[in-house]
>>> print(open('protein.cif').read())   # mmCIF, C-alpha atoms
data_start
#
loop_
_atom_site.label_atom_id
_atom_site.label_comp_id
_atom_site.auth_asym_id
_atom_site.auth_seq_id
_atom_site.Cartn_x
_atom_site.Cartn_y
_atom_site.Cartn_z
CA MET B 1 -87.59 -7.27 115.96
CA SER B 2 -90.07 -10.02 116.38
CA ASP B 3 -89.69 -11.29 112.76
CA THR B 4 -85.93 -11.86 113.03
CA LYS B 5 -85.15 -15.45 112.19
CA GLU B 6 -82.76 -17.42 114.33
CA ALA B 7 -79.80 -18.45 112.15
CA THR B 8 -79.06 -22.09 112.83
CA PHE B 9 -76.09 -24.06 111.57
CA PRO B 10 -76.32 -26.71 110.41
CA PRO B 11 -79.85 -25.97 109.20
CA ALA B 12 -82.27 -28.11 111.12
CA GLY B 13 -84.11 -30.45 108.76
CA PRO B 14 -87.22 -32.52 109.36
CA SER B 15 -85.32 -35.22 111.24
CA ALA B 16 -82.26 -33.32 112.36
CA SER B 17 -81.00 -36.03 114.72
CA ASN B 18 -80.67 -38.78 112.03
CA ASP B 19 -79.50 -36.57 109.19
CA VAL B 20 -76.03 -36.86 107.76
CA ARG B 21 -74.30 -33.53 107.95
CA ARG B 22 -73.21 -32.03 104.67
CA ARG B 23 -69.56 -32.05 105.77
CA ASP B 24 -69.64 -35.72 106.78
CA PHE B 25 -71.43 -36.64 103.56
CA LEU B 26 -68.84 -34.85 101.41
CA ASN B 27 -66.01 -36.39 103.42
CA GLN B 28 -67.43 -39.88 102.91
CA VAL B 29 -67.97 -39.30 99.21
CA THR B 30 -64.42 -37.98 98.82
CA VAL B 31 -62.81 -40.82 100.78
CA GLY B 32 -64.93 -43.35 98.92
CA ALA B 33 -64.02 -41.91 95.53
CA LEU B 34 -60.33 -41.78 96.40
CA GLY B 35 -60.52 -45.35 97.70
CA ILE B 36 -62.12 -46.62 94.48
CA ALA B 37 -59.59 -44.68 92.41
CA GLY B 38 -56.75 -46.11 94.55
CA LEU B 39 -57.95 -49.70 94.17
CA GLY B 40 -58.35 -49.14 90.44
CA THR B 41 -54.80 -47.79 90.24
CA VAL B 42 -53.48 -50.87 92.03
CA ALA B 43 -55.46 -53.14 89.71
CA VAL B 44 -54.35 -51.52 86.44
CA THR B 45 -50.74 -51.28 87.68
CA TYR B 46 -50.81 -54.99 88.45
CA GLN B 47 -52.16 -55.66 84.95
CA TYR B 48 -49.48 -53.40 83.48
CA PHE B 49 -46.73 -55.38 85.18
CA SER B 50 -48.04 -58.73 83.90
CA PRO B 51 -46.76 -59.05 80.32
CA ASN B 52 -49.27 -60.34 77.76
CA VAL B 53 -46.75 -61.37 75.13
CA LEU B 54 -43.62 -63.27 76.07
CA PHE B 55 -40.63 -63.95 73.87
CA GLU B 56 -39.82 -67.26 75.48
CA PRO B 57 -39.14 -70.68 73.91
CA ALA B 58 -42.35 -72.37 72.72
CA THR B 59 -43.79 -74.89 75.15
CA GLN B 60 -44.67 -77.24 72.28
CA PHE B 61 -41.95 -78.26 69.87
CA ARG B 62 -40.96 -80.89 67.31
CA ALA B 63 -37.94 -83.04 68.16
CA GLY B 64 -37.27 -84.67 64.80
CA THR B 65 -37.98 -88.21 63.63
CA PRO B 66 -37.69 -91.16 66.05
CA ASP B 67 -34.80 -92.75 64.13
CA LEU B 68 -32.56 -89.85 65.22
CA TYR B 69 -32.47 -91.39 68.68
CA PRO B 70 -30.80 -94.79 69.23
CA ILE B 71 -32.33 -97.17 71.77
CA HIS B 72 -30.85 -96.74 75.29
CA SER B 73 -29.93 -93.12 74.59
CA VAL B 74 -30.46 -89.84 76.47
CA THR B 75 -30.34 -86.74 74.27
CA PHE B 76 -30.29 -83.25 75.76
CA LEU B 77 -32.11 -80.55 73.79
CA GLN B 78 -30.36 -77.37 74.91
CA ASP B 79 -32.89 -74.82 73.65
CA GLN B 80 -35.89 -76.64 75.10
CA GLN B 81 -34.20 -77.92 78.27
CA VAL B 82 -35.65 -81.38 77.76
CA TYR B 83 -34.10 -84.87 77.56
CA ILE B 84 -35.42 -87.17 74.87
CA VAL B 85 -34.93 -90.62 76.41
CA ARG B 86 -35.32 -93.68 74.21
CA MET B 87 -35.60 -97.01 75.98
CA PRO B 88 -36.66 -100.40 74.56
CA GLU B 89 -40.24 -99.72 75.69
CA GLY B 90 -40.39 -96.36 73.89
CA PHE B 91 -39.79 -92.62 74.17
CA TYR B 92 -39.90 -90.35 77.22
CA ALA B 93 -39.55 -86.56 77.34
CA VAL B 94 -37.93 -85.73 80.69
CA SER B 95 -37.54 -82.18 81.97
CA ALA B 96 -33.92 -81.05 82.34
CA VAL B 97 -34.81 -78.39 84.92
CA CYS B 98 -33.88 -79.46 88.45
CA THR B 99 -36.88 -79.63 90.79
CA HIS B 100 -34.78 -78.10 93.57
CA LEU B 101 -34.11 -74.51 92.47
CA GLY B 102 -34.44 -74.55 88.71
CA CYS B 103 -30.89 -75.11 87.47
CA VAL B 104 -30.44 -77.01 84.20
CA THR B 105 -29.13 -80.53 84.80
CA GLN B 106 -26.67 -82.51 82.67
CA TRP B 107 -26.67 -86.08 81.44
CA LYS B 108 -23.49 -87.82 82.53
CA GLU B 109 -22.97 -90.63 80.03
CA GLU B 110 -20.12 -92.28 81.96
CA ALA B 111 -22.06 -92.39 85.23
CA GLN B 112 -25.40 -93.08 83.49
CA MET B 113 -27.15 -90.43 85.56
CA ILE B 114 -28.53 -86.90 85.33
CA ALA B 115 -26.67 -84.49 87.65
CA CYS B 116 -27.40 -80.92 88.71
CA PRO B 117 -24.34 -78.60 88.79
CA CYS B 118 -25.86 -76.19 91.34
CA HIS B 119 -26.46 -78.29 94.44
CA GLY B 120 -25.57 -81.85 93.44
CA SER B 121 -28.96 -83.52 92.95
CA LYS B 122 -28.78 -86.78 90.99
CA PHE B 123 -31.43 -88.53 88.92
CA LYS B 124 -31.72 -91.69 86.83
CA SER B 125 -32.26 -91.35 83.10
CA ASP B 126 -36.03 -91.68 83.63
CA GLY B 127 -35.96 -88.74 86.07
CA VAL B 128 -36.26 -90.80 89.27
CA LYS B 129 -34.36 -89.13 92.10
CA ILE B 130 -31.19 -90.87 93.29
CA GLU B 131 -30.22 -88.25 95.83
CA GLY B 132 -31.28 -84.74 96.92
CA PRO B 133 -31.57 -81.90 97.70
CA ALA B 134 -34.16 -82.08 94.92
CA PRO B 135 -37.56 -82.80 96.51
CA ARG B 136 -39.20 -84.48 93.50
CA PRO B 137 -38.22 -86.58 90.48
CA LEU B 138 -37.84 -84.79 87.14
CA PRO B 139 -41.29 -84.47 85.55
CA HIS B 140 -42.18 -86.16 82.27
CA PHE B 141 -43.76 -84.15 79.47
CA GLY B 142 -46.33 -85.31 76.98
CA ILE B 143 -44.72 -86.80 73.86
CA SER B 144 -46.55 -87.90 70.72
CA LEU B 145 -46.06 -88.44 67.00
CA THR B 146 -47.21 -85.92 64.45
CA PRO B 147 -49.06 -87.23 61.35
CA ASP B 148 -45.87 -86.74 59.33
CA GLY B 149 -43.89 -88.93 61.73
CA GLU B 150 -42.04 -86.46 63.96
CA LEU B 151 -41.83 -86.45 67.75
CA LEU B 152 -43.91 -83.69 69.34
CA VAL B 153 -43.23 -82.64 72.94
CA ASP B 154 -45.72 -80.57 74.96
CA LYS B 155 -44.12 -79.05 78.06
CA LEU B 156 -47.45 -77.88 79.44
CA GLN B 157 -48.70 -81.47 79.50
CA SER B 158 -47.41 -83.53 82.40
CA VAL B 159 -47.57 -87.33 82.19
CA LYS B 160 -46.81 -90.31 84.49
CA ASN B 161 -43.20 -91.46 84.35
CA THR B 162 -44.30 -94.93 83.24
CA GLN B 163 -46.10 -93.65 80.15
CA ALA B 164 -43.85 -94.20 77.14
CA LEU B 165 -44.45 -93.45 73.49
CA ARG B 166 -44.20 -96.66 71.48
CA VAL B 167 -43.02 -96.19 67.94
CA MET P 168 -2.97 -12.01 104.33
CA ALA P 169 -5.29 -13.45 106.96
CA ASN P 170 -6.69 -9.98 107.49
CA ASN P 171 -7.35 -9.66 103.79
CA VAL P 172 -9.33 -12.93 103.76
CA THR P 173 -11.35 -11.87 106.80
CA ALA P 174 -12.02 -8.50 105.21
CA LEU P 175 -13.08 -10.19 101.97
CA LEU P 176 -15.46 -12.47 103.88
CA GLU P 177 -16.88 -9.44 105.67
CA THR P 178 -17.56 -7.65 102.38
CA LEU P 179 -19.06 -10.84 100.97
CA ARG P 180 -21.42 -11.09 103.92
CA GLU P 181 -22.70 -7.61 103.20
CA THR P 182 -23.66 -8.38 99.61
CA LYS P 183 -27.31 -8.77 98.60
CA VAL P 184 -26.73 -12.28 97.21
CA TRP P 185 -25.19 -13.59 100.44
CA LYS P 186 -27.96 -12.07 102.51
CA SER P 187 -30.60 -13.58 100.28
CA ILE P 188 -29.12 -17.06 100.86
CA PHE P 189 -28.24 -16.78 104.55
CA ARG P 190 -30.93 -14.72 106.21
CA ARG P 191 -29.06 -14.23 109.43
CA GLY P 192 -25.98 -12.65 110.82
CA PRO P 193 -22.70 -14.39 111.57
CA ALA P 194 -22.90 -17.46 113.79
CA ASN P 195 -20.94 -16.00 116.66
CA SER P 196 -23.06 -16.87 119.69
CA ASN P 197 -24.80 -20.04 120.92
CA ARG P 198 -28.14 -18.61 119.81
CA THR P 199 -27.07 -17.64 116.31
CA ARG P 200 -25.22 -20.95 115.92
CA SER P 201 -28.41 -22.83 116.85
CA ILE P 202 -30.36 -20.76 114.35
CA ALA P 203 -27.74 -21.56 111.71
CA VAL P 204 -28.28 -25.30 112.27
CA PHE P 205 -32.08 -25.06 112.45
CA GLY P 206 -32.28 -22.99 109.28
CA ASN P 207 -30.18 -25.27 107.08
CA LEU P 208 -31.84 -28.07 105.17
CA PHE P 209 -28.78 -30.31 105.43
CA LEU P 210 -28.05 -29.59 109.09
CA HIS P 211 -31.50 -29.25 110.63
CA TRP P 212 -31.67 -32.89 111.71
CA MET P 213 -28.34 -32.58 113.44
CA PRO P 214 -28.23 -31.66 117.12
CA VAL P 215 -27.40 -28.03 117.91
CA LYS P 216 -25.55 -29.22 120.98
CA VAL P 217 -23.71 -32.46 121.63
CA ARG P 218 -22.75 -33.87 125.00
CA GLU P 219 -19.00 -34.13 125.30
CA LYS P 220 -19.42 -37.77 126.22
CA ALA P 221 -21.07 -38.43 122.86
CA LEU P 222 -17.88 -37.36 121.11
CA HIS P 223 -15.76 -39.89 123.00
CA VAL P 224 -16.89 -42.77 120.88
CA ARG P 225 -15.26 -46.04 119.98
CA ALA P 226 -14.51 -47.11 116.44
CA SER P 227 -17.64 -49.27 116.44
CA TYR P 228 -19.83 -46.16 116.71
CA TYR P 229 -18.91 -45.22 113.15
CA LEU P 230 -20.33 -48.38 111.57
CA GLY P 231 -23.57 -46.59 110.65
CA SER P 232 -21.71 -43.61 109.21
CA ILE P 233 -19.47 -45.96 107.22
CA SER P 234 -22.56 -47.70 105.83
CA PHE P 235 -23.96 -44.32 104.77
CA PHE P 236 -20.64 -43.28 103.23
CA LEU P 237 -20.58 -46.53 101.25
CA PHE P 238 -24.14 -45.78 100.08
CA LEU P 239 -22.88 -42.44 98.75
CA VAL P 240 -19.91 -44.13 97.05
CA LEU P 241 -22.29 -46.64 95.47
CA THR P 242 -24.62 -43.87 94.29
CA VAL P 243 -21.81 -41.92 92.61
CA THR P 244 -20.05 -44.95 91.05
CA GLY P 245 -23.41 -46.45 90.07
CA ILE P 246 -24.49 -43.30 88.22
CA LEU P 247 -21.12 -43.24 86.42
CA LEU P 248 -21.46 -46.92 85.42
CA MET P 249 -24.95 -46.19 84.01
CA PHE P 250 -23.36 -44.05 81.28
CA TYR P 251 -21.90 -47.18 79.63
CA TYR P 252 -24.45 -49.85 80.53
CA HIS P 253 -27.44 -50.98 78.44
CA PRO P 254 -29.90 -53.15 80.39
CA ALA P 255 -30.56 -55.49 77.46
CA ALA P 256 -29.22 -58.81 76.17
CA PRO P 257 -26.61 -59.27 74.88
CA ASN P 258 -25.39 -55.67 75.38
CA ALA P 259 -25.34 -55.91 79.17
CA TYR P 260 -22.58 -58.53 79.29
CA ARG P 261 -20.56 -56.74 76.57
CA ASP P 262 -20.93 -53.38 78.34
CA MET P 263 -19.70 -54.97 81.56
CA LYS P 264 -16.68 -56.38 79.70
CA ASP P 265 -16.14 -53.01 77.99
CA LEU P 266 -16.08 -51.33 81.37
CA GLN P 267 -13.41 -53.82 82.45
CA PHE P 268 -11.15 -53.71 79.41
CA VAL P 269 -11.95 -50.74 77.16
CA VAL P 270 -13.34 -47.77 79.09
CA SER P 271 -10.73 -45.56 80.78
CA ASN P 272 -10.82 -46.22 84.52
CA GLY P 273 -13.91 -48.34 83.96
CA VAL P 274 -12.46 -51.32 85.78
CA PHE P 275 -11.66 -49.06 88.74
CA LEU P 276 -15.25 -47.77 88.93
CA ARG P 277 -16.76 -51.20 88.48
CA ASN P 278 -14.57 -52.75 91.16
CA LEU P 279 -15.22 -49.81 93.46
CA HIS P 280 -18.99 -50.29 92.99
CA ARG P 281 -18.73 -54.02 93.54
CA LEU P 282 -16.42 -53.91 96.55
CA ALA P 283 -18.36 -51.05 98.16
CA ALA P 284 -21.52 -53.13 97.72
CA HIS P 285 -19.98 -56.14 99.45
CA LEU P 286 -18.58 -53.91 102.17
CA MET P 287 -21.90 -52.12 102.65
CA VAL P 288 -23.72 -55.40 103.32
CA PHE P 289 -20.99 -56.32 105.81
CA MET P 290 -21.06 -52.88 107.48
CA VAL P 291 -24.86 -52.78 107.76
CA PHE P 292 -24.75 -56.16 109.48
CA ALA P 293 -21.90 -55.03 111.75
CA HIS P 294 -23.82 -51.84 112.57
CA MET P 295 -26.89 -53.89 113.42
CA PHE P 296 -24.99 -56.33 115.60
CA HIS P 297 -23.42 -53.40 117.41
CA VAL P 298 -26.77 -51.70 118.00
CA PHE P 299 -28.28 -55.02 119.07
CA TYR P 300 -25.61 -55.98 121.58
CA ARG P 301 -25.48 -52.42 122.93
CA GLY P 302 -29.24 -52.49 123.51
CA GLY P 303 -29.77 -49.63 121.07
CA TYR P 304 -33.13 -51.11 120.00
CA LYS P 305 -34.71 -50.44 123.39
CA PRO P 306 -37.20 -47.60 124.03
CA PRO P 307 -37.27 -44.88 122.84
CA HIS P 308 -35.39 -46.32 119.84
CA GLN P 309 -37.83 -49.12 118.84
CA PHE P 310 -39.14 -47.35 115.76
CA ASN P 311 -35.67 -46.51 114.50
CA TRP P 312 -34.63 -50.14 115.00
CA VAL P 313 -37.50 -51.21 112.74
CA VAL P 314 -36.48 -48.60 110.14
CA GLY P 315 -32.97 -50.08 110.40
CA VAL P 316 -34.28 -53.61 109.80
CA VAL P 317 -36.10 -52.39 106.67
CA LEU P 318 -32.91 -50.64 105.55
CA LEU P 319 -31.04 -53.94 105.94
CA LEU P 320 -33.61 -55.63 103.70
CA VAL P 321 -33.36 -52.79 101.14
CA THR P 322 -29.55 -53.18 101.19
CA LEU P 323 -29.88 -56.91 100.53
CA PHE P 324 -32.43 -56.35 97.73
CA LEU P 325 -30.11 -53.76 96.19
CA SER P 326 -27.28 -56.30 96.26
CA TYR P 327 -29.49 -59.01 94.81
CA THR P 328 -30.89 -56.89 91.97
CA GLY P 329 -27.38 -55.64 91.16
CA TYR P 330 -26.17 -59.23 90.97
CA LEU P 331 -28.10 -59.91 87.74
CA LEU P 332 -26.85 -56.85 85.86
CA PRO P 333 -23.45 -58.23 84.64
CA TRP P 334 -25.57 -60.83 82.77
CA ASP P 335 -22.96 -63.57 83.11
CA GLN P 336 -23.42 -67.21 84.13
CA LEU P 337 -23.07 -66.44 87.84
CA ALA P 338 -25.74 -63.73 87.61
CA PHE P 339 -28.12 -65.86 85.55
CA TRP P 340 -28.05 -68.91 87.82
CA ALA P 341 -28.01 -66.91 91.05
CA VAL P 342 -31.20 -65.16 89.99
CA THR P 343 -32.72 -68.41 88.67
CA VAL P 344 -32.12 -69.98 92.07
CA GLY P 345 -33.24 -66.86 93.98
CA THR P 346 -36.50 -66.45 92.11
CA ASN P 347 -37.24 -70.16 92.51
CA ILE P 348 -36.86 -69.63 96.25
CA ILE P 349 -39.42 -66.81 95.94
CA SER P 350 -41.82 -69.12 94.08
CA ALA P 351 -41.76 -71.45 97.09
CA MET P 352 -43.89 -68.85 98.94
CA PRO P 353 -47.35 -70.25 99.58
CA VAL P 354 -50.23 -69.14 97.29
CA ILE P 355 -48.64 -66.00 95.79
CA GLY P 356 -45.12 -67.39 95.17
CA ASP P 357 -45.48 -68.15 91.46
CA LYS P 358 -47.28 -64.86 90.78
CA VAL P 359 -44.60 -62.82 92.58
CA LYS P 360 -41.89 -64.65 90.61
CA PHE P 361 -43.77 -63.97 87.36
CA LEU P 362 -44.11 -60.26 88.14
CA LEU P 363 -40.48 -59.94 89.27
CA LEU P 364 -39.10 -61.68 86.18
CA GLY P 365 -41.70 -60.34 83.75
CA GLY P 366 -42.00 -63.91 82.45
CA HIS P 367 -41.38 -67.55 83.35
CA ILE P 368 -37.63 -67.55 82.80
CA VAL P 369 -34.75 -65.19 83.55
CA GLY P 370 -34.70 -63.21 80.29
CA GLU P 371 -34.51 -59.66 79.00
CA ASN P 372 -37.67 -58.64 80.87
CA ALA P 373 -36.10 -59.79 84.12
CA LEU P 374 -32.90 -57.91 83.36
CA LEU P 375 -34.80 -54.67 82.72
CA ARG P 376 -36.98 -55.07 85.81
CA PHE P 377 -34.02 -55.76 88.04
CA TYR P 378 -32.24 -52.77 86.49
CA VAL P 379 -35.10 -50.36 87.23
CA LEU P 380 -35.41 -51.71 90.76
CA HIS P 381 -31.65 -51.44 91.23
CA VAL P 382 -31.08 -47.93 89.90
CA VAL P 383 -34.35 -46.12 90.71
CA ILE P 384 -36.86 -47.70 93.05
CA LEU P 385 -34.69 -49.28 95.73
CA PRO P 386 -32.20 -46.35 95.96
CA LEU P 387 -35.13 -43.94 96.38
CA VAL P 388 -36.62 -46.09 99.14
CA ALA P 389 -33.19 -46.31 100.79
CA PHE P 390 -32.70 -42.54 100.49
CA VAL P 391 -36.01 -41.72 102.19
CA LEU P 392 -35.50 -44.33 104.91
CA ILE P 393 -31.95 -43.14 105.60
CA GLY P 394 -33.35 -39.61 106.04
CA ILE P 395 -35.94 -40.84 108.53
CA HIS P 396 -33.30 -42.99 110.25
CA PHE P 397 -30.90 -40.06 110.82
CA TRP P 398 -33.68 -37.67 111.83
CA ARG P 399 -35.02 -40.15 114.37
CA VAL P 400 -31.58 -40.60 115.94
CA GLN P 401 -31.76 -36.95 117.01
CA LYS P 402 -35.47 -36.98 117.86
CA ASP P 403 -34.97 -40.03 120.09
CA GLY P 404 -32.31 -38.25 122.10
CA GLY P 405 -29.09 -38.60 120.13
CA LEU P 406 -26.61 -41.44 119.99
CA THR P 407 -26.89 -44.00 122.74
CA VAL P 408 -23.61 -43.59 124.57
CA LYS P 409 -22.97 -45.71 127.61
CA ASP P 410 -20.96 -44.66 130.62
CA ARG P 411 -17.44 -45.98 130.69
CA ASP P 412 -16.53 -48.57 133.25
CA SER P 413 -13.67 -48.27 135.73
CA HIS P 414 -11.20 -49.42 133.06
CA GLY P 415 -12.26 -46.54 130.82
CA ARG P 416 -13.82 -48.91 128.29
#
>>> encode(input="protein.cif", output="structure tokens")
Amino acid sequence: MSDTKEATFPPAGPSASNDVRRRDFLNQVTVGALGIAGLGTVAVTYQYFSPNVLFEPATQFRAGTPDLYPIHSVTFLQDQQVYIVRMPEGFYAVSAVCTHLGCVTQWKEEAQMIACPCHGSKFKSDGVKIEGPAPRPLPHFGISLTPDGELLVDKLQSVKNTQALRV
Amino acid sequence: MANNVTALLETLRETKVWKSIFRRGPANSNRTRSIAVFGNLFLHWMPVKVREKALHVRASYYLGSISFFLFLVLTVTGILLMFYYHPAAPNAYRDMKDLQFVVSNGVFLRNLHRLAAHLMVFMVFAHMFHVFYRGGYKPPHQFNWVVGVVLLLVTLFLSYTGYLLPWDQLAFWAVTVGTNIISAMPVIGDKVKFLLLGGHIVGENALLRFYVLHVVILPLVAFVLIGIHFWRVQKDGGLTVKDRDSHGR
């Protein structure tokens, strides 16, 4: 009976005290793999929920020739939600979306002001705030002339409210 | 006649089918009645015994049950409304009008869904106020109070997502305003708004997303949370019933 080996579990290796046990190692690998898979799932789900193609109105659009707009006029472009304002100094493109909570404002010809139907904000024709709750004036968009003489508005381009397009 | 019915029930109880469904004898003692409650999926979270005091409850004790009943009404009427509703523009608005003027009893179902929704928000708030002023949030009920707060939020989100579905002016501007409030959140606000609307404006993507949230995701969350909520009421020691004062109130 002297050659009977002692069965040890876990098998003692060269440096048994520092060794990672097989069970712990497999647990760590499994948890790690599941963690990576979980993060990946979150990432691809997030990507899935962010649409790549949107069927929304173009941010850049032509607004016709300058002679369509008389001097001292405010014209509301319904589809683009932009006012084309023509003053003696030139053209402005003013956003029609209220800076409070995103309602579309209206130009009130008789009162000579832009008013929001949702919460009563009021603005001058150049977008300057008359009264709240809107926190900011209406932003101005970039406006330029195309080579063939049409007005071109770029809603992604924001300009100072003093910058007018001279025609 | 009564004897005949009893005899029929007795014979029924001896059949193989009955015994395969109810694997126990008649519930004719406290022990067998307890087993009947334990062994039933729909009853097992109910108490097998109730203190008599717990049955002497005021009308305000039913606010939670009324909220749950309204949830059931909303589930049934909501599923019925889904048979006529397309979550797309411009069909959504037309379907809503069809339900009002063309579909038999459609206006009844739609109004029932709408009124029950308003009432459910009111009842959940009333239930919460009642629990709050009665001290029902105190230990050992803290966890269930938190579940209740989440259920309140789910109720409000259900109302909000349902608000867009008629696709009328009120719905459009309410959701425009609501999602602009969301975008005021620091750092992630605009991204959350973009994901919720599936775009920059309230359009068809937004309608479809709100629809899926309204008819699948949020009701499932509510269903699971309601289950936990009811189960915890029993696990935390049943309804909190206070002793009556000298006036019997």
>>> atom_distance(input="protein.cif", atom1="atom CA of B:Asn52", atom2="atom CA of B:Lys155")
19.4 Å
>>> resolve_selection(input="protein.cif", expression="the PyMOL selection byres ((chain B and resi 143) around 9)", output="list in words")
Phe91, Tyr92, Ala93, His140, Phe141, Gly142, Ser144, Leu145, Leu151, Leu152, Val153, Asp154, Lys155, Gln157, Val159, Ala164 and Leu165 of chain B
>>> interface_residues(input="protein.cif", of="chain B", to="chain P", cutoff="10 Å", atoms="all atoms listed in the file", output="list in words")
Tyr46, Gln47, Tyr48, Phe49, Ser50, Pro51, Asn52, Val53, Leu54, Phe55, Glu56, Pro57, Thr99, His100, Leu101, Gly102, Cys103, Val104 and Cys118 of chain B
>>> residues_around(input="protein.cif", residues="P:Leu210", least_positions_apart="5", cutoff="12 Å", atoms="all atoms listed in the file", output="PyMOL selection string")
chain P and resi 200-205+215+394+397-398+401
>>> atom_distance(input="protein.cif", atom1="atom CA of P:Leu279", atom2="atom CA of P:Phe236")
12.9 Å
>>> atom_distance(input="protein.cif", atom1="atom CA of B:Glu150", atom2="atom CA of B:Ala63")
6.8 Å
>>> resolve_selection(input="protein.cif", expression="the PyMOL selection byres ((chain B and resi 106) around 8)", output="list in words")
Phe76, Ala96, Val104, Thr105, Trp107, Lys108, Ile114, Ala115, Cys116 and Pro117 of chain B
>>> resolve_selection(input="protein.cif", expression="the PyMOL selection byres ((chain B and resi 87-90) around 10)", output="VMD selection string")
chain B and resid 66 69 to 74 84 to 86 91 to 92 125 to 126 162 to 167
>>> write_last_selection(input="protein.cif", atoms="C-alpha atoms", output="PDB file, in the coordinates of the input")
ATOM      1  CA  PRO B  66     -37.690 -91.160  66.050  1.00  0.00           C
ATOM      2  CA  TYR B  69     -32.470 -91.390  68.680  1.00  0.00           C
ATOM      3  CA  PRO B  70     -30.800 -94.790  69.230  1.00  0.00           C
ATOM      4  CA  ILE B  71     -32.330 -97.170  71.770  1.00  0.00           C
ATOM      5  CA  HIS B  72     -30.850 -96.740  75.290  1.00  0.00           C
ATOM      6  CA  SER B  73     -29.930 -93.120  74.590  1.00  0.00           C
ATOM      7  CA  VAL B  74     -30.460 -89.840  76.470  1.00  0.00           C
ATOM      8  CA  ILE B  84     -35.420 -87.170  74.870  1.00  0.00           C
ATOM      9  CA  VAL B  85     -34.930 -90.620  76.410  1.00  0.00           C
ATOM     10  CA  ARG B  86     -35.320 -93.680  74.210  1.00  0.00           C
ATOM     11  CA  PHE B  91     -39.790 -92.620  74.170  1.00  0.00           C
ATOM     12  CA  TYR B  92     -39.900 -90.350  77.220  1.00  0.00           C
ATOM     13  CA  SER B 125     -32.260 -91.350  83.100  1.00  0.00           C
ATOM     14  CA  ASP B 126     -36.030 -91.680  83.630  1.00  0.00           C
ATOM     15  CA  THR B 162     -44.300 -94.930  83.240  1.00  0.00           C
ATOM     16  CA  GLN B 163     -46.100 -93.650  80.150  1.00  0.00           C
ATOM     17  CA  ALA B 164     -43.850 -94.200  77.140  1.00  0.00           C
ATOM     18  CA  LEU B 165     -44.450 -93.450  73.490  1.00  0.00           C
ATOM     19  CA  ARG B 166     -44.200 -96.660  71.480  1.00  0.00           C
ATOM     20  CA  VAL B 167     -43.020 -96.190  67.940  1.00  0.00           C
TER      21      VAL B 167
END
>>> residues_near_point(input="protein.cif", point="(-20.7, -44.3, 92.8)", cutoff="12 Å", atoms="only C-alpha atoms", output="PyMOL selection string")
chain P and resi 236-250+273+275-284+382
>>> residues_around(input="protein.cif", residues="B:Arg136", least_positions_apart="6", cutoff="10 Å", atoms="all atoms listed in the file", output="short mmCIF file (atom, residue, chain, number, x, y, z; two decimals) with C-alpha atoms, in the coordinates of the input")
data_model
loop_
_atom_site.label_atom_id
_atom_site.label_comp_id
_atom_site.auth_asym_id
_atom_site.auth_seq_id
_atom_site.Cartn_x
_atom_site.Cartn_y
_atom_site.Cartn_z
CA CYS B 98 -33.88 -79.46 88.45
CA THR B 99 -36.88 -79.63 90.79
CA HIS B 100 -34.78 -78.10 93.57
CA PHE B 123 -31.43 -88.53 88.92
CA GLY B 127 -35.96 -88.74 86.07
CA VAL B 128 -36.26 -90.80 89.27
CA LYS B 129 -34.36 -89.13 92.10
#
>>> axis_aligned_box(input="protein.cif", around="stretch 123-128 of chain B", padding_each_side="8 Å", output="lines of an AutoDock Vina configuration file")
center_x = -33.8
center_y = -90.1
center_z = 86.2
size_x = 20.8
size_y = 19.2
size_z = 22.2
>>> closest_residue(input="protein.cif", among="B:Gly132, B:Lys160, B:Thr75, B:Asp19", to="B:Gly120", atoms="only C-alpha atoms")
B:Gly132
